[in-house]
Amino acid sequence: MADGEEAVAKPATTALARSNQGGAAANSPNGVSRVRHIDINDLLSPRTERRQSLNGYQECYSDIVHYIAYCTHRIWAEKGIGLIYDHYDPACLVHTPYGTSAGVDDVVASTLQMMQAFPDRSSRLVNVAWCGDDRQGFYTSHLGQSRMTNLGPSAYGPATGRKVSIRHIADCESVANRITREWLVRDNGALVRQIGLDPHEVAKKMAAAELARGADPVRHGLTERDPGQRLPVSRYLPAANVSAEERLRVMFHEIWNARRLDRLKEFYAPNAYVHTAPGRDIQGLNGITWQIIRLLAAMPNAAISFDHFCDVQETDGYIAAVRWTLNGTHTGNGMFGGPSGNPVSILGMSHFRFEGDLIVQEWTVWDEISVLMQVHAPVNALGV
């Protein structure tokens with residue numbers, strides 16, 4: 001339902017449908033790996049038997065979750081950097097909060113840069129949600145927690161020797177063993193703080209460097225609340241047979257576009273845990289509400305788009321993954337300091353763990369440094 005369409009006022013659902021719209025059932029069919037509460041050594045080792053049809057994938061992978069977990073381990077933990085050429089399409093597209101790169105050589109280059117800045121990086125796999133099959137291609141959303149030490153120079157400056165722990169999410173489209181498209185977001189705001197630097201000062205320097213080489217640090221996101229656009233109309237769920245995707249679509253619209261924060265209790269458990277950027281952990285509806293208000297106060301005209309959904313039935317509950325984009329104009333005081341008047345676009349990804357109909361745990365990753373680069377870009381550089 002688009003903004004401005006009629007909405008029927010019905011009570012929220014009490015029966016969350018456990019179905020996946022994208023082809024892979026949320027029940028992890030055919031014994032596909034689940035990553036929570038299992039022996040991680042098994043998941044990060046080669047397997048000899050297929051648990052799922054994987055035509056074109058290397059024989060060491062048993063299913064799509066094992067593929068994502070084990071190939072990531074081989075490239076990063078075992079330093080098999082050249083495996084990128086076997087696992088990424090030569091013309092792959094990689095979307096990050098800093099723009100889009102094309103080609104496998106850029107993937108190799110960015111991997112080398114990260115490794116030399118944080119050579120002891122290790123990553124704990126938290127969730128993998130997915131959909132698709134080996135005919136139409138798979139889509140995976142991989143949430144991880146990285147621990148590492150800043151032992152080499154990075155985009156933020158010289159090595160500081162500080163230890164870092166950050167969350168990251170990578171969404172990948174793959175077919176026949178090769179990733180053709182990836183969306184990658186790291187909590188670089190938490191990273192910069194933990195290595196002892198001021199995120200505002202880092203962002204100012206990075207924005208200036210982009211402008212000096214002719215790039216624009218502002219992403220120019222279009223907000224639906226621009227003049228002439230219709231204001232949002234509240235959406236309600238039917239009484240039964242509601243998929244998780246539909247439930248989350250309504251939630252994103254109601255909370256972020258309609259500003260109905262009073263409806264958070266329809267979607268979150270009272271003591272829900274939210275792990276969000278930059279490096280914040282929140283419990284309870286009051287804390288969740290305040291976090292959302294802080295972000296909306298900075299961009300009062302912000303509008304969110306619901307870009308992709310996939311899910312999985314895990315050992316400790318149902319998990320859904322959403323990729324989203326928040327576009328607005330930095331005209332208010334709030335999370336990013338005094339208003340700059342600049343347009344801001346935030347690429348974000350979230351994983352939600354449900355018990356019954358309610359979210360009991362959320363992991364959300366977005367890049368504060370990318371946002372601050374847009375905030376601190378000189379206005380005359382934007383052509384406005």
# chains A, B, ... in the order shown; residues from 1 in each chain; ligands from 1
$ residues_around --residues "Pro97 (chain A)" --least-positions-apart "5" --cutoff "7 Å" --atoms "only C-alpha atoms" --output "MDAnalysis selection string"
chainID A and resid 185 346:347 367 370
$ closest_residue --among "A:Ala190, A:Val365, A:Ala69, A:Ile38" --to "Leu125 (chain A)" --atoms "only C-alpha atoms"
A:Ala69
$ closest_atom_pairs --of "region 62-138 of chain A" --to "region 321-325 of chain A" --cutoff "10 Å" --atoms "only C-alpha atoms" --output "JSON lines"
{"residue": "A:Asn127", "atom": "CA", "partner": "A:Ala321", "partner_atom": "CA", "distance": 9.3}
{"residue": "A:Val128", "atom": "CA", "partner": "A:Ala321", "partner_atom": "CA", "distance": 8.6}
{"residue": "A:Ala129", "atom": "CA", "partner": "A:Ala321", "partner_atom": "CA", "distance": 6.3}
{"residue": "A:Trp130", "atom": "CA", "partner": "A:Ala321", "partner_atom": "CA", "distance": 8.3}
$ write_last_selection --atoms "all heavy atoms" --output "PDB file, in the first residue's frame"
ATOM      1  N   ASN A 127      23.876 -14.390  12.832  1.00  0.00           N
ATOM      2  CA  ASN A 127      22.692 -14.866  12.100  1.00  0.00           C
ATOM      3  C   ASN A 127      23.001 -14.947  10.610  1.00  0.00           C
ATOM      4  O   ASN A 127      23.799 -14.161  10.098  1.00  0.00           O
ATOM      5  CB  ASN A 127      21.500 -13.897  12.240  1.00  0.00           C
ATOM      6  CG  ASN A 127      21.040 -13.685  13.655  1.00  0.00           C
ATOM      7  OD1 ASN A 127      20.996 -14.606  14.454  1.00  0.00           O
ATOM      8  ND2 ASN A 127      20.680 -12.442  13.966  1.00  0.00           N
ATOM      9  N   VAL A 128      22.317 -15.850   9.920  1.00  0.00           N
ATOM     10  CA  VAL A 128      22.237 -15.821   8.461  1.00  0.00           C
ATOM     11  C   VAL A 128      20.783 -16.091   8.078  1.00  0.00           C
ATOM     12  O   VAL A 128      20.270 -17.191   8.298  1.00  0.00           O
ATOM     13  CB  VAL A 128      23.154 -16.861   7.782  1.00  0.00           C
ATOM     14  CG1 VAL A 128      22.964 -16.794   6.259  1.00  0.00           C
ATOM     15  CG2 VAL A 128      24.611 -16.626   8.143  1.00  0.00           C
ATOM     16  N   ALA A 129      20.114 -15.079   7.518  1.00  0.00           N
ATOM     17  CA  ALA A 129      18.786 -15.254   6.939  1.00  0.00           C
ATOM     18  C   ALA A 129      18.946 -15.370   5.425  1.00  0.00           C
ATOM     19  O   ALA A 129      19.916 -14.871   4.861  1.00  0.00           O
ATOM     20  CB  ALA A 129      17.877 -14.083   7.301  1.00  0.00           C
ATOM     21  N   TRP A 130      17.986 -16.036   4.758  1.00  0.00           N
ATOM     22  CA  TRP A 130      18.180 -16.262   3.328  1.00  0.00           C
ATOM     23  C   TRP A 130      16.859 -16.564   2.626  1.00  0.00           C
ATOM     24  O   TRP A 130      15.843 -16.838   3.269  1.00  0.00           O
ATOM     25  CB  TRP A 130      19.150 -17.418   3.093  1.00  0.00           C
ATOM     26  CG  TRP A 130      18.681 -18.749   3.630  1.00  0.00           C
ATOM     27  CD1 TRP A 130      18.760 -19.188   4.922  1.00  0.00           C
ATOM     28  CD2 TRP A 130      18.035 -19.790   2.892  1.00  0.00           C
ATOM     29  NE1 TRP A 130      18.217 -20.452   5.034  1.00  0.00           N
ATOM     30  CE2 TRP A 130      17.765 -20.838   3.806  1.00  0.00           C
ATOM     31  CE3 TRP A 130      17.679 -19.934   1.556  1.00  0.00           C
ATOM     32  CZ2 TRP A 130      17.141 -22.018   3.407  1.00  0.00           C
ATOM     33  CZ3 TRP A 130      17.048 -21.106   1.154  1.00  0.00           C
ATOM     34  CH2 TRP A 130      16.791 -22.137   2.083  1.00  0.00           C
TER      35      TRP A 130
END
$ atom_distance --atom1 "CA of Tyr156 (chain A)" --atom2 "CA of Val202 (chain A)"
6.3 Å
